[in-house]
Amino acid sequence: MSAALRPYRRPAPVLTAFWWGRVGALLDKEWAGYFTTPLAYVFLTLFLLVAGVLTFFMGNFLERGQADLLPFFNFHPWLYLVFIPALSMRLIAEERKSGTLELLLTLPIGAVQAILAKFLACWLFCGLALLLTVPLWITVNYLGSPDNGLILASYLASWLCAAGFVAIGLFASALSRNQVTAFVVGVVLSFALLVGGTPLMTQLFAPWAGVFVVEAIAGLSMLTHFDTLTKGLITLKAAGYFVVLVVVFLCMAAETLKAEKNA
Amino acid sequence: MTDALLVQHLSKRFGTRQAVDNVSFALNIGDVLGFLGPNGAGKSTTMRMLTGFLPPDNGTIAVFGQDLQKSTQAVQTLIGYVPEGAPLYGDMTVYEFLQFICAARGVLKSRRALALYDAAEKTALHEVLDQRIETLSKGYKRRAALASALVHNPPLLILDEPTDGLDPNQKHTMRALIKALSAEKAILISTHILEEVDAVCTRALILAEGRVRYLGTAAGLRTAADVPQPARLEDVFRSLTQIQPPMQQRSAA
Ligand SMILES: Nc1ncnc2c1ncn2[C@@H]1O[C@H](COP(=O)(O)OP(=O)(O)OP(=O)(O)O)[C@@H](O)[C@H]1O
Ligand SMILES: [Mg+2]
């Protein structure tokens, strides 16, 4: 049979096997997913409101007479403690409950890719929330002359800290099929890592635990590392701490997804 | 010729329950293999292993000669899969959903529109492309799920109860579609509707308690069991899948 006689066949779709392309595809979907429901707008508004209220009323922002944003940033870890687990609780638990996890993981998307995409989308969303607080930064510049370099560093530190919370929340979500459980586990885990090494907690251990133990526990606290960063000391150690924290929890989340298949 | 799908000695255990027990079969382009068996027989579990969602305890799965365990993602690109109940992302529109599937499947950007409309055309989804999936009727949801399994034009299609819960017209449409697709694909469907064996399948596999009770042509199924001929499929099915009560117990009673 000559080629000319063959019936016309549509060309098969050409597939690419690009690892990051698949992460990007899921990232796109997840990011868009935040804005298909009013939830994201409620969340952003609430975040701005609470951040503003805490800063102005509890942080004595105006009375301090200092044109900086330190009280604002000091509240961030505590805000994240509630807001981020709420944001991340549905990421995997919901997919597991509705059965779409099976759909997702039978696409050529591996557990690591799925976790990475969901983490990035959530972290970017936190970045957006932070970005929306920039008017506050402009205000302090209007009121006085703050150290803008320090403020920028603090913003970066805060975003880095948020990454830690997102990774923990994602891991909590990977553990459960119930969003409420994921939220509670996320808050508890975050809280433990947040205050674990503060003097308040280390005093509990000090009487009976050795110096090494106390120092090791202190070294695990998010709060101490966050404080270091917001003081403008971008130390490799403090930044590295958050990077390691994120990597560890994302790996644990990915392993949980893989292990789930073995259930 | 390498088989489109070659399954050898597949087993899976959940706790003390042997869900799939030493299942082997092969499937070729042009075949529609009907997966039958009572509830809990292990049909969905087998399909989950074939699509790389569950790892098997034992056995091998090869798709066009490629081992699933070794190159999971490469094999997954060759498969179109609709899980049981056709789970979908409810808050996306059909168009957004298919776009996402195209992207995730690695369909080149320049081919996405073509691939998407091709799949939508086959499944007659045009009218609802801009509708949120949540708001679709069951028939459309099922077709959206099928379209998502077709966008990358896979040579192997695995459908877990594709006609479950559909009205007679939708069932008919779905069967006609599966038949039309079968010319150039290897298809595995599970079903509880015995007439579907006659209607769409070329071959049948009956599973009970995780074990293969029958594997052969759809036509040969009628004569497979020890029941008076001409047999109704129902009787054959019951005879093949019923758990024989242990003899001692019966005689003791
Ligand atoms: N994740 C799981 N954990 C424990 N047991 C499971 C799991 N998945 C399936 N099973 C068990 O394995 C057996 C086979 O289940 P499967 O869903 O494969 O059956 P099926 O043939 O698809 O049934 P149905 O016709 O009802 O869809 C059942 O007894 C089921 O309870
Ligand atoms: Mg099933």
# chains A, B, ... in the order shown; residues from 1 in each chain; ligands from 1
$ residues_near_ligand --ligand "ligand 2" --cutoff "12 Å" --atoms "only C-alpha atoms and all ligand atoms" --output "JSON, numbers by chain"
{"B": [19, 35, 36, 37, 38, 39, 40, 41, 42, 43, 44, 45, 46, 47, 48, 82, 83, 84, 85, 86, 159, 160, 161, 162, 164, 189, 190, 191, 192, 207, 210]}
$ residues_around --residues "segment 161-174 of chain A" --least-positions-apart "5" --cutoff "8 Å" --atoms "only C-alpha atoms" --output "PDB file with N, CA, C and O atoms, in the first residue's frame"
ATOM      1  N   PRO A  77       6.653  34.175  63.738  1.00  0.00           N
ATOM      2  CA  PRO A  77       6.604  32.725  64.009  1.00  0.00           C
ATOM      3  C   PRO A  77       5.308  32.313  64.672  1.00  0.00           C
ATOM      4  O   PRO A  77       4.784  31.234  64.405  1.00  0.00           O
ATOM      5  N   TYR A  80       2.604  32.223  62.078  1.00  0.00           N
ATOM      6  CA  TYR A  80       2.790  31.046  61.221  1.00  0.00           C
ATOM      7  C   TYR A  80       2.314  29.786  61.912  1.00  0.00           C
ATOM      8  O   TYR A  80       1.796  28.868  61.273  1.00  0.00           O
ATOM      9  N   LEU A  81       2.510  29.759  63.226  1.00  0.00           N
ATOM     10  CA  LEU A  81       2.166  28.566  64.001  1.00  0.00           C
ATOM     11  C   LEU A  81       0.710  28.156  63.771  1.00  0.00           C
ATOM     12  O   LEU A  81       0.376  26.977  63.781  1.00  0.00           O
ATOM     13  N   ILE A  84      -0.061  28.675  59.005  1.00  0.00           N
ATOM     14  CA  ILE A  84       0.506  27.777  57.990  1.00  0.00           C
ATOM     15  C   ILE A  84      -0.049  26.358  58.089  1.00  0.00           C
ATOM     16  O   ILE A  84      -0.417  25.779  57.068  1.00  0.00           O
ATOM     17  N   PRO A  85      -0.150  25.758  59.287  1.00  0.00           N
ATOM     18  CA  PRO A  85      -0.810  24.441  59.309  1.00  0.00           C
ATOM     19  C   PRO A  85      -2.230  24.486  58.742  1.00  0.00           C
ATOM     20  O   PRO A  85      -2.683  23.533  58.122  1.00  0.00           O
ATOM     21  N   SER A  88      -1.743  24.389  55.026  1.00  0.00           N
ATOM     22  CA  SER A  88      -1.136  23.190  54.450  1.00  0.00           C
ATOM     23  C   SER A  88      -1.895  21.913  54.780  1.00  0.00           C
ATOM     24  O   SER A  88      -1.610  20.869  54.202  1.00  0.00           O
ATOM     25  N   MET A  89      -2.853  21.998  55.682  1.00  0.00           N
ATOM     26  CA  MET A  89      -3.479  20.755  56.163  1.00  0.00           C
ATOM     27  C   MET A  89      -4.156  19.959  55.048  1.00  0.00           C
ATOM     28  O   MET A  89      -4.173  18.754  55.056  1.00  0.00           O
ATOM     29  N   ARG A  90      -4.696  20.689  54.048  1.00  0.00           N
ATOM     30  CA  ARG A  90      -5.465  19.972  53.031  1.00  0.00           C
ATOM     31  C   ARG A  90      -4.572  19.371  51.934  1.00  0.00           C
ATOM     32  O   ARG A  90      -4.999  18.491  51.203  1.00  0.00           O
ATOM     33  N   LEU A  91      -3.328  19.826  51.858  1.00  0.00           N
ATOM     34  CA  LEU A  91      -2.497  19.531  50.686  1.00  0.00           C
ATOM     35  C   LEU A  91      -2.513  18.061  50.270  1.00  0.00           C
ATOM     36  O   LEU A  91      -2.653  17.747  49.098  1.00  0.00           O
ATOM     37  N   ILE A  92      -2.353  17.163  51.229  1.00  0.00           N
ATOM     38  CA  ILE A  92      -2.341  15.743  50.860  1.00  0.00           C
ATOM     39  C   ILE A  92      -3.529  15.010  51.464  1.00  0.00           C
ATOM     40  O   ILE A  92      -4.134  14.159  50.821  1.00  0.00           O
ATOM     41  N   ALA A  93      -3.886  15.394  52.693  1.00  0.00           N
ATOM     42  CA  ALA A  93      -5.016  14.723  53.357  1.00  0.00           C
ATOM     43  C   ALA A  93      -6.261  14.753  52.474  1.00  0.00           C
ATOM     44  O   ALA A  93      -6.958  13.745  52.336  1.00  0.00           O
ATOM     45  N   ILE A 115       5.493  16.199  46.326  1.00  0.00           N
ATOM     46  CA  ILE A 115       5.763  16.928  47.566  1.00  0.00           C
ATOM     47  C   ILE A 115       6.410  18.278  47.265  1.00  0.00           C
ATOM     48  O   ILE A 115       6.030  19.317  47.808  1.00  0.00           O
ATOM     49  N   PHE A 119       4.845  21.871  48.152  1.00  0.00           N
ATOM     50  CA  PHE A 119       5.609  22.727  49.063  1.00  0.00           C
ATOM     51  C   PHE A 119       5.838  24.100  48.437  1.00  0.00           C
ATOM     52  O   PHE A 119       5.573  25.137  49.055  1.00  0.00           O
ATOM     53  N   CYS A 122       2.719  26.321  48.241  1.00  0.00           N
ATOM     54  CA  CYS A 122       2.302  26.834  49.546  1.00  0.00           C
ATOM     55  C   CYS A 122       3.278  27.899  50.038  1.00  0.00           C
ATOM     56  O   CYS A 122       2.879  28.916  50.603  1.00  0.00           O
ATOM     57  N   TRP A 123       4.550  27.663  49.793  1.00  0.00           N
ATOM     58  CA  TRP A 123       5.573  28.616  50.240  1.00  0.00           C
ATOM     59  C   TRP A 123       5.431  29.935  49.468  1.00  0.00           C
ATOM     60  O   TRP A 123       5.556  31.023  50.039  1.00  0.00           O
ATOM     61  N   CYS A 126       2.691  31.908  50.919  1.00  0.00           N
ATOM     62  CA  CYS A 126       3.140  32.618  52.124  1.00  0.00           C
ATOM     63  C   CYS A 126       3.925  33.860  51.719  1.00  0.00           C
ATOM     64  O   CYS A 126       3.820  34.918  52.348  1.00  0.00           O
ATOM     65  N   GLN A 179      -8.226  16.309  57.527  1.00  0.00           N
ATOM     66  CA  GLN A 179      -7.593  17.627  57.560  1.00  0.00           C
ATOM     67  C   GLN A 179      -7.434  18.174  58.970  1.00  0.00           C
ATOM     68  O   GLN A 179      -6.446  18.837  59.278  1.00  0.00           O
ATOM     69  N   ALA A 182      -4.523  16.617  60.502  1.00  0.00           N
ATOM     70  CA  ALA A 182      -3.323  17.188  59.898  1.00  0.00           C
ATOM     71  C   ALA A 182      -3.007  18.543  60.506  1.00  0.00           C
ATOM     72  O   ALA A 182      -1.852  18.864  60.786  1.00  0.00           O
ATOM     73  N   PHE A 183      -4.051  19.336  60.765  1.00  0.00           N
ATOM     74  CA  PHE A 183      -3.860  20.659  61.353  1.00  0.00           C
ATOM     75  C   PHE A 183      -3.288  20.548  62.756  1.00  0.00           C
ATOM     76  O   PHE A 183      -2.287  21.173  63.098  1.00  0.00           O
ATOM     77  N   VAL A 185      -1.762  18.006  64.245  1.00  0.00           N
ATOM     78  CA  VAL A 185      -0.409  17.445  64.233  1.00  0.00           C
ATOM     79  C   VAL A 185       0.590  18.513  63.769  1.00  0.00           C
ATOM     80  O   VAL A 185       1.679  18.662  64.340  1.00  0.00           O
ATOM     81  N   GLY A 186       0.195  19.284  62.763  1.00  0.00           N
ATOM     82  CA  GLY A 186       1.069  20.337  62.248  1.00  0.00           C
ATOM     83  C   GLY A 186       1.375  21.381  63.309  1.00  0.00           C
ATOM     84  O   GLY A 186       2.529  21.771  63.498  1.00  0.00           O
ATOM     85  N   VAL A 187       0.347  21.809  64.037  1.00  0.00           N
ATOM     86  CA  VAL A 187       0.553  22.831  65.064  1.00  0.00           C
ATOM     87  C   VAL A 187       1.439  22.284  66.184  1.00  0.00           C
ATOM     88  O   VAL A 187       2.389  22.950  66.621  1.00  0.00           O
ATOM     89  N   LEU A 189       3.618  19.766  66.163  1.00  0.00           N
ATOM     90  CA  LEU A 189       4.989  19.579  65.701  1.00  0.00           C
ATOM     91  C   LEU A 189       5.720  20.921  65.578  1.00  0.00           C
ATOM     92  O   LEU A 189       6.867  21.066  66.021  1.00  0.00           O
ATOM     93  N   SER A 190       5.045  21.883  64.987  1.00  0.00           N
ATOM     94  CA  SER A 190       5.660  23.199  64.803  1.00  0.00           C
ATOM     95  C   SER A 190       5.964  23.836  66.149  1.00  0.00           C
ATOM     96  O   SER A 190       7.018  24.421  66.350  1.00  0.00           O
ATOM     97  N   MET A 222      13.467  26.690  66.339  1.00  0.00           N
ATOM     98  CA  MET A 222      13.278  27.615  65.231  1.00  0.00           C
ATOM     99  C   MET A 222      13.397  29.048  65.724  1.00  0.00           C
ATOM    100  O   MET A 222      13.913  29.914  65.030  1.00  0.00           O
ATOM    101  N   PHE A 226      15.541  32.035  64.215  1.00  0.00           N
ATOM    102  CA  PHE A 226      14.800  33.129  63.595  1.00  0.00           C
ATOM    103  C   PHE A 226      15.258  34.468  64.179  1.00  0.00           C
ATOM    104  O   PHE A 226      15.462  35.440  63.456  1.00  0.00           O
ATOM    105  N   PHE A 242      17.345  26.323  58.724  1.00  0.00           N
ATOM    106  CA  PHE A 242      16.025  26.244  58.101  1.00  0.00           C
ATOM    107  C   PHE A 242      16.051  25.386  56.830  1.00  0.00           C
ATOM    108  O   PHE A 242      15.113  24.646  56.559  1.00  0.00           O
ATOM    109  N   VAL A 243      17.135  25.502  56.093  1.00  0.00           N
ATOM    110  CA  VAL A 243      17.241  24.689  54.881  1.00  0.00           C
ATOM    111  C   VAL A 243      17.212  23.201  55.245  1.00  0.00           C
ATOM    112  O   VAL A 243      16.466  22.415  54.653  1.00  0.00           O
ATOM    113  N   LEU A 245      16.029  21.889  57.981  1.00  0.00           N
ATOM    114  CA  LEU A 245      14.691  21.583  58.505  1.00  0.00           C
ATOM    115  C   LEU A 245      13.720  21.267  57.370  1.00  0.00           C
ATOM    116  O   LEU A 245      12.987  20.277  57.390  1.00  0.00           O
ATOM    117  N   VAL A 246      13.736  22.133  56.343  1.00  0.00           N
ATOM    118  CA  VAL A 246      12.837  21.953  55.203  1.00  0.00           C
ATOM    119  C   VAL A 246      13.141  20.640  54.491  1.00  0.00           C
ATOM    120  O   VAL A 246      12.240  19.834  54.226  1.00  0.00           O
ATOM    121  N   VAL A 247      14.403  20.401  54.213  1.00  0.00           N
ATOM    122  CA  VAL A 247      14.780  19.195  53.481  1.00  0.00           C
ATOM    123  C   VAL A 247      14.360  17.948  54.260  1.00  0.00           C
ATOM    124  O   VAL A 247      13.776  17.019  53.703  1.00  0.00           O
ATOM    125  N   PHE A 249      11.988  17.552  56.550  1.00  0.00           N
ATOM    126  CA  PHE A 249      10.546  17.308  56.595  1.00  0.00           C
ATOM    127  C   PHE A 249       9.969  16.965  55.221  1.00  0.00           C
ATOM    128  O   PHE A 249       9.056  16.160  55.121  1.00  0.00           O
ATOM    129  N   LEU A 250      10.532  17.549  54.172  1.00  0.00           N
ATOM    130  CA  LEU A 250      10.044  17.186  52.834  1.00  0.00           C
ATOM    131  C   LEU A 250      10.403  15.737  52.516  1.00  0.00           C
ATOM    132  O   LEU A 250       9.602  15.002  51.931  1.00  0.00           O
ATOM    133  N   MET A 252      10.764  13.389  54.697  1.00  0.00           N
ATOM    134  CA  MET A 252       9.877  12.548  55.497  1.00  0.00           C
ATOM    135  C   MET A 252       8.489  12.483  54.870  1.00  0.00           C
ATOM    136  O   MET A 252       7.857  11.423  54.848  1.00  0.00           O
ATOM    137  N   ALA A 253       8.029  13.614  54.356  1.00  0.00           N
ATOM    138  CA  ALA A 253       6.712  13.625  53.703  1.00  0.00           C
ATOM    139  C   ALA A 253       6.726  12.725  52.467  1.00  0.00           C
ATOM    140  O   ALA A 253       5.803  11.941  52.247  1.00  0.00           O
ATOM    141  N   THR A 256       6.689   9.184  53.484  1.00  0.00           N
ATOM    142  CA  THR A 256       5.356   8.799  53.958  1.00  0.00           C
ATOM    143  C   THR A 256       4.459   8.450  52.772  1.00  0.00           C
ATOM    144  O   THR A 256       3.721   7.471  52.806  1.00  0.00           O
ATOM    145  N   LEU A 257       4.549   9.258  51.730  1.00  0.00           N
ATOM    146  CA  LEU A 257       3.743   8.976  50.536  1.00  0.00           C
ATOM    147  C   LEU A 257       4.142   7.646  49.917  1.00  0.00           C
ATOM    148  O   LEU A 257       3.296   6.856  49.513  1.00  0.00           O
TER     149      LEU A 257
END
$ closest_residue --among "B:Gln131, B:Ser110, B:Gln18, B:Gln76" --to "chain A" --atoms "only C-alpha atoms"
B:Gln76
$ interface_residues --of "chain B" --to "chain A" --cutoff "7 Å" --atoms "only C-alpha atoms" --output "short mmCIF file (atom, residue, chain, number, x, y, z; two decimals) with C-alpha atoms, in the first residue's frame"
data_model
loop_
_atom_site.label_atom_id
_atom_site.label_comp_id
_atom_site.auth_asym_id
_atom_site.auth_seq_id
_atom_site.Cartn_x
_atom_site.Cartn_y
_atom_site.Cartn_z
CA THR B 51 -0.49 1.45 37.30
CA GLY B 52 2.35 1.85 39.77
CA PHE B 53 0.23 3.07 42.65
CA LEU B 54 0.77 0.01 44.83
CA PRO B 55 3.99 -1.97 44.74
CA GLN B 73 7.54 6.80 35.43
CA GLN B 76 3.28 5.27 33.56
CA THR B 77 3.53 7.44 30.44
CA PRO B 83 -9.31 4.57 39.11
CA PRO B 87 -11.81 10.58 41.33
CA LEU B 88 -11.41 14.09 39.89
CA TYR B 89 -10.39 17.54 41.07
CA PHE B 100 -3.17 19.97 33.92
CA ALA B 103 1.16 19.20 31.35
CA ALA B 104 1.74 16.54 33.98
CA ARG B 105 1.90 13.87 31.33
CA GLY B 106 4.51 15.89 29.49
CA VAL B 107 2.49 16.56 26.35
CA LEU B 108 4.46 19.23 24.50
CA ARG B 111 0.54 19.73 20.99
CA ALA B 115 -4.35 16.44 22.35
CA HIS B 152 -1.52 11.33 25.84
CA ASN B 153 -2.92 8.68 23.50
#
$ atom_distance --atom1 "atom CA of Leu215 of chain B" --atom2 "atom CA of Val23 of chain B"
10.3 Å
$ select_by_dssp --residues "segment 12-253 of chain B" --states "alpha helix (DSSP H)" --output "number ranges by chain"
B: 43-50, 72-76, 94-105, 109-122, 138-150, 168-181, 195-200, 233-241, 247-252
$ residues_around --residues "segment 60-63 of chain B" --least-positions-apart "3" --cutoff "10 Å" --atoms "only C-alpha atoms" --output "JSON, numbers by chain"
{"B": [2, 3, 4, 5, 6, 7, 8, 9, 10, 11, 24, 25, 26, 27, 49, 50, 51, 52, 56, 57, 66, 67, 68, 69, 70, 71, 74, 75, 76, 78, 79, 155, 156]}
$ residues_around --residues "Tyr117 of chain B" --least-positions-apart "4" --cutoff "10 Å" --atoms "only C-alpha atoms" --output "ChimeraX atom specification"
/B:95,98,112-113,121-126,129,147,151
$ residues_around --residues "Ala218 of chain B" --least-positions-apart "6" --cutoff "10 Å" --atoms "only C-alpha atoms" --output "mmCIF file with N, CA, C and O atoms, in the first residue's frame"
data_model
loop_
_atom_site.group_PDB
_atom_site.id
_atom_site.type_symbol
_atom_site.label_atom_id
_atom_site.label_comp_id
_atom_site.auth_asym_id
_atom_site.auth_seq_id
_atom_site.Cartn_x
_atom_site.Cartn_y
_atom_site.Cartn_z
ATOM 1 N N VAL B 32 -9.639 -6.480 24.428
ATOM 2 C CA VAL B 32 -10.295 -5.874 25.588
ATOM 3 C C VAL B 32 -10.487 -7.004 26.583
ATOM 4 O O VAL B 32 -11.238 -7.931 26.328
ATOM 5 N N LEU B 33 -9.750 -6.907 27.685
ATOM 6 C CA LEU B 33 -9.833 -7.960 28.686
ATOM 7 C C LEU B 33 -10.784 -7.517 29.791
ATOM 8 O O LEU B 33 -10.594 -6.472 30.408
ATOM 9 N N GLY B 34 -11.824 -8.301 30.007
ATOM 10 C CA GLY B 34 -12.792 -7.992 31.058
ATOM 11 C C GLY B 34 -12.383 -8.658 32.360
ATOM 12 O O GLY B 34 -12.146 -9.852 32.397
ATOM 13 N N GLU B 196 -21.480 -7.170 29.794
ATOM 14 C CA GLU B 196 -20.398 -6.395 29.193
ATOM 15 C C GLU B 196 -19.331 -7.289 28.589
ATOM 16 O O GLU B 196 -18.611 -6.888 27.677
ATOM 17 N N VAL B 197 -19.242 -8.501 29.124
ATOM 18 C CA VAL B 197 -18.282 -9.439 28.549
ATOM 19 C C VAL B 197 -18.628 -9.678 27.085
ATOM 20 O O VAL B 197 -17.770 -9.602 26.202
ATOM 21 N N ASP B 198 -19.913 -9.928 26.834
ATOM 22 C CA ASP B 198 -20.351 -10.123 25.454
ATOM 23 C C ASP B 198 -20.273 -8.828 24.659
ATOM 24 O O ASP B 198 -19.912 -8.817 23.488
ATOM 25 N N ALA B 199 -20.646 -7.738 25.311
ATOM 26 C CA ALA B 199 -20.782 -6.475 24.591
ATOM 27 C C ALA B 199 -19.448 -5.880 24.166
ATOM 28 O O ALA B 199 -19.331 -5.356 23.063
ATOM 29 N N VAL B 200 -18.433 -5.906 25.043
ATOM 30 C CA VAL B 200 -17.185 -5.228 24.673
ATOM 31 C C VAL B 200 -15.913 -6.066 24.741
ATOM 32 O O VAL B 200 -14.928 -5.720 24.109
ATOM 33 N N CYS B 201 -15.945 -7.149 25.503
ATOM 34 C CA CYS B 201 -14.676 -7.824 25.758
ATOM 35 C C CYS B 201 -14.365 -8.880 24.705
ATOM 36 O O CYS B 201 -15.254 -9.542 24.187
ATOM 37 N N THR B 202 -13.082 -9.027 24.408
ATOM 38 C CA THR B 202 -12.660 -10.143 23.578
ATOM 39 C C THR B 202 -12.210 -11.292 24.467
ATOM 40 O O THR B 202 -12.289 -12.445 24.091
ATOM 41 N N ARG B 203 -11.722 -10.910 25.658
ATOM 42 C CA ARG B 203 -11.275 -11.939 26.588
ATOM 43 C C ARG B 203 -11.786 -11.625 27.987
ATOM 44 O O ARG B 203 -12.195 -10.507 28.267
ATOM 45 N N ALA B 204 -11.754 -12.628 28.838
ATOM 46 C CA ALA B 204 -12.248 -12.426 30.194
ATOM 47 C C ALA B 204 -11.319 -13.074 31.201
ATOM 48 O O ALA B 204 -10.658 -14.073 30.907
ATOM 49 N N LEU B 205 -11.245 -12.431 32.364
ATOM 50 C CA LEU B 205 -10.483 -13.005 33.458
ATOM 51 C C LEU B 205 -11.361 -12.945 34.694
ATOM 52 O O LEU B 205 -11.860 -11.885 35.058
#
